[in-house]
file query-v6.txt (compact mmCIF, C-alpha atoms)
# COMPACT_ATOMS: atom_id res chain seq x y z
CA MET A 1358 -72.75 89.80 102.88
CA THR A 1359 -73.62 92.40 105.51
CA ARG A 1360 -71.21 93.71 108.09
CA PRO A 1361 -71.98 94.72 111.69
CA GLN A 1362 -71.16 98.20 112.94
CA ASP A 1363 -67.69 97.23 114.12
CA GLY A 1364 -66.67 96.60 110.44
CA ARG A 1365 -66.36 92.81 110.71
CA SER A 1366 -68.34 90.38 108.58
CA GLY A 1367 -70.91 88.11 110.25
CA VAL A 1368 -68.52 85.21 109.90
CA GLU A 1369 -65.66 87.19 111.47
CA ALA A 1370 -67.86 88.31 114.34
CA THR A 1371 -68.93 84.73 115.05
CA TYR A 1372 -65.68 82.89 114.40
CA GLY A 1373 -63.13 85.72 114.92
CA PRO A 1374 -60.80 83.86 117.35
CA LEU A 1375 -60.34 81.06 114.79
CA LEU A 1376 -59.71 83.24 111.71
CA THR A 1377 -55.98 83.87 112.02
CA PRO A 1378 -53.97 85.03 108.98
CA ALA A 1379 -52.84 82.38 106.51
CA ARG A 1380 -49.26 81.62 105.68
CA PRO A 1381 -48.93 82.32 101.92
CA GLY A 1382 -48.66 79.08 99.97
CA GLY A 1383 -49.11 76.91 103.04
CA SER A 1384 -51.79 74.35 103.81
CA SER A 1385 -52.51 75.72 107.27
CA GLY A 1386 -53.70 79.03 108.67
CA ARG A 1387 -56.89 80.85 107.81
CA PRO A 1388 -58.18 78.69 104.88
CA VAL A 1389 -57.76 75.46 106.88
CA GLN A 1390 -59.56 76.93 109.88
CA LEU A 1391 -62.41 78.13 107.69
CA TRP A 1392 -62.79 74.73 106.03
CA ALA A 1393 -62.77 73.06 109.41
CA LEU A 1394 -65.91 75.03 110.20
CA LEU A 1395 -67.72 73.93 107.03
CA PRO A 1396 -69.95 70.83 107.03
CA LYS A 1397 -68.15 68.02 105.19
CA GLU A 1398 -71.31 67.14 103.26
CA LEU A 1399 -70.96 70.44 101.31
CA ALA A 1400 -68.36 68.70 99.16
CA THR A 1401 -71.08 66.35 97.91
CA VAL A 1402 -73.52 69.23 97.36
CA PHE A 1403 -71.13 71.33 95.27
CA ARG A 1404 -69.19 68.63 93.40
CA PRO A 1405 -71.60 68.46 90.41
CA VAL A 1406 -71.80 72.27 90.29
CA LEU A 1407 -68.04 72.85 90.26
CA ALA A 1408 -67.52 70.15 87.65
CA ASP A 1409 -69.18 72.48 85.13
CA VAL A 1410 -67.66 75.75 86.35
CA ALA A 1411 -64.09 75.21 85.16
CA GLY A 1412 -64.92 75.86 81.51
CA GLU A 1413 -67.01 78.92 82.44
CA VAL A 1414 -64.12 80.35 84.45
CA VAL A 1415 -61.70 79.95 81.53
CA ARG A 1416 -64.16 81.57 79.11
CA GLU A 1417 -64.80 84.50 81.47
CA ILE A 1418 -61.05 85.04 81.93
CA GLN A 1419 -60.63 85.17 78.15
CA ARG A 1420 -63.59 87.54 77.80
CA THR A 1421 -62.57 90.05 80.46
CA ILE A 1422 -58.76 90.02 80.35
CA PRO A 1423 -57.26 91.22 77.02
CA ASP A 1424 -53.98 89.35 77.52
CA TYR A 1425 -55.87 86.06 77.48
CA ALA A 1426 -58.32 86.95 74.69
CA ARG A 1427 -56.83 84.41 72.29
CA PRO A 1428 -56.74 80.61 71.89
CA LEU A 1429 -55.01 79.18 74.94
CA ASP A 1430 -52.60 76.97 73.06
CA GLY A 1431 -49.17 75.85 74.15
CA ALA A 1432 -47.70 75.28 77.58
CA PHE A 1433 -49.31 78.28 79.27
CA GLY A 1434 -52.82 77.53 77.99
CA LYS A 1435 -52.51 73.93 79.14
CA ALA A 1436 -51.18 75.07 82.53
CA LEU A 1437 -54.04 77.55 82.99
CA LYS A 1438 -56.74 74.95 82.21
CA THR A 1439 -55.00 72.40 84.44
CA GLY A 1440 -54.71 75.00 87.18
CA VAL A 1441 -58.42 75.85 87.12
CA GLN A 1442 -59.40 72.16 87.26
CA MET A 1443 -56.85 71.50 90.01
CA ALA A 1444 -58.14 74.45 92.02
CA PHE A 1445 -61.71 73.11 92.06
CA LEU A 1446 -60.61 69.55 92.81
CA GLN A 1447 -58.42 70.62 95.72
CA PHE A 1448 -61.11 72.99 97.02
CA LEU A 1449 -63.62 70.16 97.26
CA GLU A 1450 -61.03 67.90 98.90
CA ARG A 1451 -60.30 70.61 101.46
CA ILE A 1452 -63.96 70.86 102.43
CA GLY A 1453 -63.97 67.15 103.19
CA ASN A 1454 -60.48 67.12 104.66
CA PRO A 1455 -58.92 70.51 105.60
CA GLU A 1456 -55.49 68.89 106.06
CA ALA A 1457 -55.45 67.30 102.58
CA PRO A 1458 -51.92 67.28 101.05
CA SER A 1459 -51.28 70.25 98.78
CA GLU A 1460 -47.89 69.58 97.13
CA ASP A 1461 -49.44 68.85 93.73
CA ARG A 1462 -51.42 72.07 93.93
CA ARG A 1463 -48.36 73.99 95.01
CA SER A 1464 -46.30 72.88 92.02
CA VAL A 1465 -49.12 73.65 89.56
CA PHE A 1466 -49.62 77.22 90.76
CA LEU A 1467 -45.92 77.94 91.14
CA SER A 1468 -45.63 76.79 87.52
CA LEU A 1469 -48.36 79.20 86.44
CA GLY A 1470 -46.31 82.09 87.81
CA VAL A 1471 -43.20 80.79 86.01
CA GLN A 1472 -45.12 80.45 82.74
CA GLU A 1473 -46.50 83.96 83.11
CA PHE A 1474 -42.98 85.34 83.46
CA HIS A 1475 -41.81 83.51 80.35
CA GLN A 1476 -44.79 84.93 78.47
CA GLY A 1477 -43.39 88.37 79.31
CA ARG A 1478 -46.36 89.44 81.43
CA ASN A 1479 -46.56 91.11 84.79
CA VAL A 1480 -47.96 88.93 87.55
CA ASP A 1481 -50.82 91.42 87.98
CA VAL A 1482 -52.47 89.95 84.88
CA LEU A 1483 -52.57 86.48 86.41
CA GLN A 1484 -53.85 87.87 89.70
CA ALA A 1485 -56.71 89.50 87.80
CA ALA A 1486 -57.51 86.07 86.34
CA TYR A 1487 -57.65 84.64 89.86
CA ARG A 1488 -60.13 87.33 90.89
CA VAL A 1489 -62.32 86.53 87.88
CA GLY A 1490 -62.22 82.84 88.79
CA ALA A 1491 -63.18 83.57 92.39
CA ARG A 1492 -66.10 85.77 91.28
CA VAL A 1493 -67.53 83.19 88.85
CA THR A 1494 -67.08 80.36 91.35
CA TRP A 1495 -68.76 82.23 94.18
CA ARG A 1496 -71.70 83.20 91.95
CA ARG A 1497 -72.34 79.60 90.93
CA VAL A 1498 -71.79 78.23 94.44
CA ALA A 1499 -74.14 80.81 95.96
CA GLU A 1500 -76.86 79.95 93.42
CA ALA A 1501 -76.51 76.21 94.11
CA GLY A 1502 -76.42 76.79 97.85
CA ARG A 1503 -79.66 78.75 97.86
CA ARG A 1504 -81.36 76.10 95.70
CA THR A 1505 -80.34 73.30 98.06
CA GLY A 1506 -81.18 75.23 101.23
CA VAL A 1507 -77.66 75.81 102.58
CA PRO A 1508 -77.99 78.27 105.50
CA SER A 1509 -76.91 81.88 104.85
CA ALA A 1510 -74.32 81.74 107.64
CA THR A 1511 -72.74 78.70 106.03
CA LEU A 1512 -72.70 80.44 102.62
CA CYS A 1513 -71.00 83.45 104.21
CA LEU A 1514 -68.38 81.16 105.70
CA LEU A 1515 -67.98 79.44 102.34
CA ALA A 1516 -67.44 82.82 100.63
CA GLU A 1517 -64.68 83.61 103.12
CA ALA A 1518 -63.09 80.23 102.39
CA ILE A 1519 -63.24 80.68 98.60
CA PHE A 1520 -61.57 84.08 98.61
CA ALA A 1521 -58.96 83.05 101.19
CA TYR A 1522 -58.20 80.00 99.05
CA ILE A 1523 -57.80 82.14 95.91
CA ASP A 1524 -55.44 84.44 97.81
CA GLU A 1525 -53.39 81.39 98.73
CA LEU A 1526 -53.18 80.22 95.11
CA SER A 1527 -52.35 83.71 93.92
CA ALA A 1528 -49.51 83.94 96.45
CA LEU A 1529 -48.05 80.72 95.07
CA SER A 1530 -48.05 82.10 91.52
CA VAL A 1531 -46.48 85.37 92.69
CA GLU A 1532 -43.76 83.29 94.34
CA GLY A 1533 -43.19 81.30 91.12
CA HIS A 1534 -43.05 84.51 89.05
CA ALA A 1535 -40.51 86.06 91.43
CA GLU A 1536 -38.32 82.94 91.43
CA ALA A 1537 -38.35 82.81 87.62
CA ARG A 1538 -37.49 86.51 87.42
CA GLU A 1539 -34.58 86.12 89.85
CA LYS A 1540 -33.30 83.05 88.02
CA ALA A 1541 -33.46 84.83 84.66
CA ALA A 1542 -31.73 87.91 86.09
CA GLY A 1543 -28.93 85.72 87.45
CA ALA A 1544 -28.50 83.92 84.13
CA LEU A 1545 -28.47 87.20 82.23
CA GLU A 1546 -25.90 88.65 84.61
CA ARG A 1547 -23.65 85.62 84.08
CA ARG A 1548 -24.00 85.90 80.31
CA ARG A 1549 -23.12 89.60 80.38
CA HIS A 1550 -20.12 88.91 82.55
CA ARG A 1551 -19.01 86.30 80.02
CA LEU A 1552 -19.49 88.78 77.15
CA MET A 1553 -17.39 91.32 79.02
CA GLU A 1554 -14.62 88.76 79.46
CA LEU A 1555 -14.66 88.02 75.72
CA LEU A 1556 -14.54 91.71 74.81
CA LEU A 1557 -11.60 92.37 77.13
CA ALA A 1558 -9.64 89.29 76.08
CA GLU A 1559 -6.23 89.74 74.44
CA PRO A 1560 -5.73 88.81 71.74
CA PRO A 1561 -9.30 89.75 70.71
CA SER A 1562 -11.92 87.00 70.71
CA PRO A 1563 -13.28 85.75 67.35
CA PRO A 1564 -16.07 88.08 66.12
CA ASP A 1565 -18.60 85.26 65.70
CA VAL A 1566 -18.02 84.10 69.28
CA VAL A 1567 -18.52 87.64 70.59
CA LYS A 1568 -21.66 88.14 68.49
CA HIS A 1569 -23.19 84.89 69.79
CA ALA A 1570 -22.37 85.85 73.39
CA ALA A 1571 -23.89 89.30 72.87
CA ASP A 1572 -27.11 87.75 71.55
CA LEU A 1573 -27.32 85.47 74.59
CA ALA A 1574 -26.65 88.42 76.89
CA ARG A 1575 -29.27 90.58 75.14
CA TRP A 1576 -26.70 93.35 74.70
CA GLN A 1577 -26.52 95.16 71.38
CA LEU A 1578 -22.91 95.45 70.24
CA PRO A 1579 -22.30 99.11 69.31
CA GLU A 1580 -20.12 100.25 66.43
CA LEU A 1581 -17.94 102.06 68.98
CA LEU A 1582 -17.69 101.64 72.73
CA VAL A 1583 -15.71 103.18 75.54
CA ALA A 1584 -14.25 101.53 78.60
CA VAL A 1585 -14.70 103.35 81.91
CA ALA A 1586 -12.24 102.73 84.72
CA LEU A 1587 -13.71 103.49 88.16
CA ASP A 1588 -12.20 104.45 91.50
CA GLN A 1589 -13.32 105.81 94.89
CA PRO A 1590 -16.48 103.68 94.88
CA SER A 1591 -19.81 105.00 96.00
CA ASP A 1592 -22.32 102.91 97.92
CA GLU A 1593 -24.31 102.53 94.71
CA ALA A 1594 -23.44 101.68 91.13
CA PRO A 1595 -23.38 104.73 88.84
CA ALA A 1596 -26.41 105.37 86.68
CA ALA A 1597 -24.34 104.58 83.57
CA ALA A 1598 -24.14 100.94 84.71
CA SER A 1599 -27.81 100.36 83.85
CA SER A 1600 -27.01 100.13 80.12
CA ALA A 1601 -23.44 98.87 80.47
CA LEU A 1602 -21.49 95.70 80.83
CA ALA A 1603 -20.19 96.10 84.36
CA ASP A 1604 -17.62 94.55 86.66
CA PHE A 1605 -17.84 95.68 90.29
CA GLU A 1606 -16.39 92.50 91.77
CA SER A 1607 -12.73 93.03 90.86
CA SER A 1608 -10.35 95.39 92.63
CA SER A 1609 -10.43 97.62 89.52
CA PRO A 1610 -14.13 98.07 88.66
CA CYS A 1611 -15.01 99.06 85.13
CA LEU A 1612 -17.77 99.49 82.57
CA LEU A 1613 -18.12 98.95 78.84
CA VAL A 1614 -20.72 101.26 77.29
CA PRO A 1615 -21.68 102.49 73.83
CA ALA A 1616 -19.54 105.52 73.01
CA PRO A 1617 -21.42 108.74 73.78
CA GLU A 1618 -21.75 111.36 71.07
CA PRO A 1619 -19.72 114.59 71.54
CA ASP A 1620 -22.82 116.51 72.63
CA GLU A 1621 -23.61 113.79 75.20
CA ARG A 1622 -20.32 114.10 77.10
CA GLU A 1623 -21.69 116.21 79.94
CA GLN A 1624 -24.75 114.01 80.42
CA PHE A 1625 -22.61 110.87 80.37
CA ALA A 1626 -20.20 112.34 82.94
CA GLU A 1627 -23.18 113.09 85.20
CA SER A 1628 -24.25 109.43 84.95
CA LEU A 1629 -20.95 108.51 86.66
CA ALA A 1630 -21.63 110.75 89.68
CA GLY A 1631 -20.32 109.40 92.96
CA TRP A 1632 -17.26 107.80 91.39
CA ARG A 1633 -13.91 109.03 90.12
CA ALA A 1634 -13.78 107.81 86.54
CA ALA A 1635 -11.56 107.79 83.48
CA ILE A 1636 -13.13 107.22 80.09
CA GLY A 1637 -11.04 105.46 77.49
CA PRO A 1638 -10.96 106.28 73.76
CA ALA A 1639 -13.92 105.24 71.61
CA VAL A 1640 -12.98 102.02 69.79
CA PRO A 1641 -14.63 99.14 67.91
CA PRO A 1642 -15.66 96.33 70.30
CA ALA A 1643 -12.63 94.23 69.27
CA PHE A 1644 -10.34 96.85 70.86
CA ALA A 1645 -12.22 97.24 74.15
CA ALA A 1646 -9.19 96.01 76.11
CA ARG A 1647 -7.08 98.84 74.70
CA SER A 1648 -9.66 101.44 75.68
CA LEU A 1649 -9.73 100.03 79.21
CA ARG A 1650 -5.95 99.98 79.41
CA ALA A 1651 -5.83 103.68 78.51
CA ALA A 1652 -8.59 104.51 81.02
CA ARG A 1653 -6.80 102.73 83.84
CA GLU A 1654 -3.54 104.47 82.91
CA ALA A 1655 -5.35 107.80 83.08
CA LEU A 1656 -6.64 106.97 86.57
CA ARG A 1657 -3.09 106.06 87.63
CA LEU A 1658 -1.79 109.40 86.35
CA VAL A 1659 -4.58 111.24 88.19
CA GLU A 1660 -3.62 109.47 91.40
CA SER A 1661 0.07 110.32 90.89
CA GLY A 1662 -0.71 113.98 90.22
CA ALA A 1663 0.49 113.87 86.60
CA LEU A 1664 -3.07 114.64 85.43
CA ALA A 1665 -5.50 117.03 87.08
CA ASP A 1666 -7.69 115.44 89.75
CA GLU A 1667 -11.17 115.72 88.26
CA PRO A 1668 -14.26 113.54 88.85
CA VAL A 1669 -14.21 112.41 85.21
CA THR A 1670 -11.12 112.27 83.00
CA TRP A 1671 -11.56 111.84 79.25
CA CYS A 1672 -8.56 110.11 77.71
CA VAL A 1673 -9.26 111.76 74.37
CA ASP A 1674 -8.38 115.11 76.01
CA HIS A 1675 -4.95 113.84 77.10
CA LEU A 1676 -3.79 111.50 74.32
CA SER A 1677 -0.30 112.95 73.87
CA ARG A 1678 0.42 112.98 77.60
CA LEU A 1679 -0.93 109.45 78.05
CA TRP A 1680 1.29 108.33 75.22
CA LEU A 1681 4.37 110.04 76.65
CA LEU A 1682 3.81 109.14 80.28
CA LYS A 1683 3.15 105.50 79.46
CA GLU A 1684 6.95 105.18 79.17
CA PRO A 1685 8.31 107.39 82.00
CA PHE A 1686 11.95 106.62 81.18
CA LEU A 1687 11.63 107.68 77.54
CA ALA A 1688 9.62 110.76 78.52
CA ALA A 1689 12.35 111.73 81.02
CA GLU A 1690 15.00 111.24 78.36
CA LEU A 1691 13.06 113.44 75.94
CA VAL A 1692 12.78 116.17 78.57
CA ARG A 1693 16.50 115.92 79.41
CA GLU A 1694 17.57 116.07 75.78
CA ARG A 1695 15.25 118.76 74.48
CA LEU A 1696 14.77 120.97 77.56
CA GLY A 1697 18.34 120.69 78.86
CA PRO A 1698 19.02 124.44 78.41
CA LEU A 1699 16.40 125.18 81.11
CA THR A 1700 17.97 122.99 83.80
CA GLY A 1701 20.34 125.68 85.10
CA LEU A 1702 17.51 128.12 85.87
CA THR A 1703 15.81 128.70 89.21
CA GLY A 1704 12.45 127.07 89.72
CA LYS A 1705 10.51 130.24 88.99
CA GLN A 1706 12.60 131.09 85.93
CA HIS A 1707 12.24 127.53 84.65
CA THR A 1708 8.46 127.59 85.00
CA ARG A 1709 8.15 131.05 83.41
CA LEU A 1710 10.29 130.27 80.38
CA ALA A 1711 8.91 126.75 79.91
CA GLY A 1712 5.37 128.14 79.77
CA THR A 1713 6.44 130.84 77.32
CA LEU A 1714 8.33 128.32 75.17
CA LEU A 1715 5.28 126.03 74.89
CA ALA A 1716 2.98 128.92 73.94
CA TRP A 1717 5.62 130.26 71.51
CA LEU A 1718 5.99 126.91 69.74
CA GLU A 1719 2.25 126.21 69.60
CA THR A 1720 1.43 129.64 68.13
CA CYS A 1721 4.37 129.64 65.70
CA GLY A 1722 5.89 132.66 67.46
CA ASN A 1723 2.78 134.91 67.33
CA VAL A 1724 3.57 137.49 70.03
CA ARG A 1725 -0.02 138.70 70.42
CA GLU A 1726 -1.43 135.18 70.84
CA VAL A 1727 1.30 134.26 73.34
CA ALA A 1728 0.60 137.43 75.33
CA GLU A 1729 -3.14 136.67 75.43
CA ARG A 1730 -2.57 133.06 76.41
CA LEU A 1731 -0.18 133.94 79.25
CA ALA A 1732 -2.01 137.16 80.24
CA VAL A 1733 1.19 139.24 79.99
CA HIS A 1734 2.24 142.31 77.97
CA PRO A 1735 3.54 141.67 74.41
CA GLN A 1736 6.82 143.34 75.33
CA THR A 1737 7.25 140.77 78.10
CA VAL A 1738 6.80 138.03 75.50
CA ARG A 1739 9.48 139.60 73.26
CA SER A 1740 11.88 139.82 76.17
CA ARG A 1741 11.36 136.17 77.09
CA ALA A 1742 11.65 135.14 73.44
CA GLN A 1743 15.10 136.69 73.34
CA GLU A 1744 16.11 134.67 76.40
CA LEU A 1745 14.85 131.52 74.70
CA GLU A 1746 16.78 132.33 71.53
CA THR A 1747 19.90 132.63 73.62
CA LEU A 1748 19.29 129.34 75.41
CA PHE A 1749 18.17 127.18 72.48
CA ALA A 1750 19.79 128.93 69.50
CA ASP A 1751 19.06 127.05 66.25
CA GLY A 1752 16.94 124.43 68.01
CA LEU A 1753 13.91 126.74 67.86
CA ARG A 1754 14.02 126.70 64.05
CA ASP A 1755 14.47 122.96 63.50
CA PRO A 1756 10.98 121.42 62.83
CA GLU A 1757 11.76 118.04 64.39
CA ARG A 1758 13.26 119.59 67.52
CA ARG A 1759 10.34 122.00 67.83
CA PHE A 1760 7.94 119.02 67.74
CA GLU A 1761 9.98 117.13 70.35
CA MET A 1762 10.14 120.23 72.55
CA ILE A 1763 6.33 120.45 72.51
CA LEU A 1764 6.12 116.79 73.51
CA ALA A 1765 8.66 117.28 76.29
CA LEU A 1766 6.84 120.34 77.62
CA ARG A 1767 3.52 118.46 77.57
CA ALA A 1768 5.14 115.62 79.50
CA THR A 1769 6.03 118.13 82.26
CA PRO A 1770 3.43 120.94 82.02
CA PRO A 1771 4.41 124.18 83.78
CA ASP A 1772 2.37 125.61 86.62
CA PRO A 1773 0.19 128.35 85.03
CA SER A 1774 0.11 130.31 88.30
CA ARG A 1775 3.88 130.83 88.13
CA ILE A 1776 4.12 131.86 84.47
call {"tool": "encode", "arguments": {"input": "query-v6.txt", "output": "structure tokens"}}
result
Amino acid sequence: MTRPQDGRSGVEATYGPLLTPARPGGSSGRPVQLWALLPKELATVFRPVLADVAGEVVREIQRTIPDYARPLDGAFGKALKTGVQMAFLQFLERIGNPEAPSEDRRSVFLSLGVQEFHQGRNVDVLQAAYRVGARVTWRRVAEAGRRTGVPSATLCLLAEAIFAYIDELSALSVEGHAEAREKAAGALERRRHRLMELLLAEPPSPPDVVKHAADLARWQLPELLVAVALDQPSDEAPAAASSALADFESSSPCLLVPAPEPDEREQFAESLAGWRAAIGPAVPPAFAARSLRAAREALRLVESGALADEPVTWCVDHLSRLWLLKEPFLAAELVRERLGPLTGLTGKQHTRLAGTLLAWLETCGNVREVAERLAVHPQTVRSRAQELETLFADGLRDPERRFEMILALRATPPDPSRI
């Protein structure tokens, strides 16, 4: 088909005002206007030709497209053969009657897109099949048209109609594929939400129930997982959510993800960028609720100032403090009982001696290590140790009291800048 110098085909140059764009999937627009220009008797001319083309189209599709190079059995094979036959039947009806009803055709080609999705293929494969069908059909129609003396201008117009019609059918299948994809994504999201509910249930859900839900949700249950409590939401979900069970609908958003390996901590923290997060301890799936409880407690302590305000808080780095601060009354009682001798000191003295006491207890009284930890002279450490001996007397030598003192000091950590 030749084109004039302005880039339009002969048909477009002649009939340009009538050739307006089609509405995808509709029975009006460009294809209808093209068919309205075709002589109705063409339907009679091409009916015997197109009756034999359907099988040729299917064979050519199988020959040229690897995904279809197999016996077309089952629902999809039946739908493809039905679709090809329906396409030719409707095309002939359109030549005779451009306004012919198209609901049957619509459902068939929407279904082809749905079937293609369920076969796990991209819609591009089906679109390639449509192009093969259009090519074969046009070749046979052109041959028959020349044999029967159909004018070249009419054949050009018919070519335009064929390819516009194929575009219309292809658009229907793309629509069906997209609808099936959206429906499947919605169902999968609901199943994953249900799995998350089961994992966070207390008492824990029966293992067989959880395993069945995980299979339906297409989520591999890990040996260990971590719960991630989230705060200060970003406009977008964190990257970690792509492989997680996620809840962004509640007032306390969270994730459940396979526990990262120790050497993956930094990378995992980066995948939470844009959010303040606390990562619970790694636990078997049956204890996911406990991991989440710890993560949310860590976030609460960050907000209260009891833990350092960092973008990502790892509970495993603060287990003793989380344990102590979970019961504020008992932690306060422990501090009052075991650190009572420090209460009469000024704020600066209290901070200085508390920091020295913690370092002294944790290093078993190693003066050099305490000096290095506090960045002071060893003689300063000895002087402070004498003050502590005076204040605590035998308490510094009792193993149980030493342990409780460490816990009390960790419940109220001193300010390093004032030590």
call {"tool": "closest_residue", "arguments": {"input": "query-v6.txt", "among": "A:Leu1691, A:Cys1721, A:Ala1586, A:Leu1710", "to": "Leu1656 (chain A)", "atoms": "only C-alpha atoms"}}
result
A:Ala1586
call {"tool": "closest_residue", "arguments": {"input": "query-v6.txt", "among": "A:Lys1540, A:Thr1511, A:Arg1549, A:Glu1621", "to": "Ser1600 (chain A)", "atoms": "only C-alpha atoms"}}
result
A:Arg1549
call {"tool": "atom_distance", "arguments": {"input": "query-v6.txt", "atom1": "CA of Phe1403 (chain A)", "atom2": "CA of Arg1504 (chain A)"}}
result
11.3 Å
call {"tool": "closest_residue", "arguments": {"input": "query-v6.txt", "among": "A:Thr1769, A:Thr1747, A:Ser1677, A:Gln1419", "to": "Val1692 (chain A)", "atoms": "all atoms listed in the file"}}
result
A:Thr1769
call {"tool": "residues_around", "arguments": {"input": "query-v6.txt", "residues": "Val1415 (chain A)", "least_positions_apart": "2", "cutoff": "8 Å", "atoms": "all atoms listed in the file", "output": "count of residues only"}}
result
9
call {"tool": "closest_residue", "arguments": {"input": "query-v6.txt", "among": "A:Glu1606, A:Arg1633, A:His1707, A:Pro1561", "to": "Pro1590 (chain A)", "atoms": "all atoms listed in the file"}}
result
A:Arg1633
call {"tool": "atom_distance", "arguments": {"input": "query-v6.txt", "atom1": "CA of Arg1492 (chain A)", "atom2": "CA of Pro1508 (chain A)"}}
result
20.0 Å
call {"tool": "atom_distance", "arguments": {"input": "query-v6.txt", "atom1": "CA of Gly1712 (chain A)", "atom2": "CA of Leu1731 (chain A)"}}
result
8.0 Å
call {"tool": "residues_around", "arguments": {"input": "query-v6.txt", "residues": "Ile1636 (chain A)", "least_positions_apart": "2", "cutoff": "10 Å", "atoms": "only C-alpha atoms", "output": "PDB file with C-alpha atoms, keeping the file's coordinate frame"}}
result
ATOM      1  CA  VAL A1583     -15.710 103.180  75.540  1.00  0.00           C
ATOM      2  CA  ALA A1584     -14.250 101.530  78.600  1.00  0.00           C
ATOM      3  CA  VAL A1585     -14.700 103.350  81.910  1.00  0.00           C
ATOM      4  CA  ALA A1586     -12.240 102.730  84.720  1.00  0.00           C
ATOM      5  CA  LEU A1587     -13.710 103.490  88.160  1.00  0.00           C
ATOM      6  CA  CYS A1611     -15.010  99.060  85.130  1.00  0.00           C
ATOM      7  CA  LEU A1612     -17.770  99.490  82.570  1.00  0.00           C
ATOM      8  CA  LEU A1613     -18.120  98.950  78.840  1.00  0.00           C
ATOM      9  CA  ALA A1616     -19.540 105.520  73.010  1.00  0.00           C
ATOM     10  CA  ALA A1626     -20.200 112.340  82.940  1.00  0.00           C
ATOM     11  CA  ALA A1634     -13.780 107.810  86.540  1.00  0.00           C
ATOM     12  CA  PRO A1638     -10.960 106.280  73.760  1.00  0.00           C
ATOM     13  CA  ALA A1639     -13.920 105.240  71.610  1.00  0.00           C
ATOM     14  CA  SER A1648      -9.660 101.440  75.680  1.00  0.00           C
ATOM     15  CA  LEU A1649      -9.730 100.030  79.210  1.00  0.00           C
ATOM     16  CA  ALA A1651      -5.830 103.680  78.510  1.00  0.00           C
ATOM     17  CA  ALA A1652      -8.590 104.510  81.020  1.00  0.00           C
ATOM     18  CA  ARG A1653      -6.800 102.730  83.840  1.00  0.00           C
ATOM     19  CA  ALA A1655      -5.350 107.800  83.080  1.00  0.00           C
ATOM     20  CA  LEU A1656      -6.640 106.970  86.570  1.00  0.00           C
ATOM     21  CA  VAL A1669     -14.210 112.410  85.210  1.00  0.00           C
ATOM     22  CA  THR A1670     -11.120 112.270  83.000  1.00  0.00           C
ATOM     23  CA  TRP A1671     -11.560 111.840  79.250  1.00  0.00           C
ATOM     24  CA  CYS A1672      -8.560 110.110  77.710  1.00  0.00           C
ATOM     25  CA  VAL A1673      -9.260 111.760  74.370  1.00  0.00           C
TER      26      VAL A1673
END
call {"tool": "closest_residue", "arguments": {"input": "query-v6.txt", "among": "A:Trp1576, A:Tyr1425, A:Trp1680, A:Phe1448", "to": "Leu1407 (chain A)", "atoms": "all atoms listed in the file"}}
result
A:Phe1448
call {"tool": "closest_residue", "arguments": {"input": "query-v6.txt", "among": "A:Arg1575, A:Arg1725, A:Arg1538, A:Arg1695", "to": "His1550 (chain A)", "atoms": "only C-alpha atoms"}}
result
A:Arg1575
call {"tool": "residues_around", "arguments": {"input": "query-v6.txt", "residues": "Ala1643 (chain A)", "least_positions_apart": "3", "cutoff": "10 Å", "atoms": "all atoms listed in the file", "output": "list in words"}}
result
Leu1555, Leu1556, Leu1557, Ala1558, Glu1559, Pro1560, Pro1561, Ser1562, Pro1563, Pro1564, Val1567, Leu1581, Leu1582, Val1640, Ala1646 and Arg1647 of chain A
call {"tool": "residues_near_point", "arguments": {"input": "query-v6.txt", "point": "(9.9, 140.3, 75.5)", "cutoff": "12 Å", "atoms": "only C-alpha atoms", "output": "list in words"}}
result
Leu1710, Thr1713, Trp1717, Gly1722, Val1724, Arg1725, Val1727, Ala1728, Val1733, His1734, Pro1735, Gln1736, Thr1737, Val1738, Arg1739, Ser1740, Arg1741, Ala1742, Gln1743, Glu1744, Leu1745 and Glu1746 of chain A
call {"tool": "residues_around", "arguments": {"input": "query-v6.txt", "residues": "Leu1715 (chain A)", "least_positions_apart": "4", "cutoff": "7 Å", "atoms": "only C-alpha atoms", "output": "VMD selection string"}}
result
chain A and resid 1711 1719 1763 1766
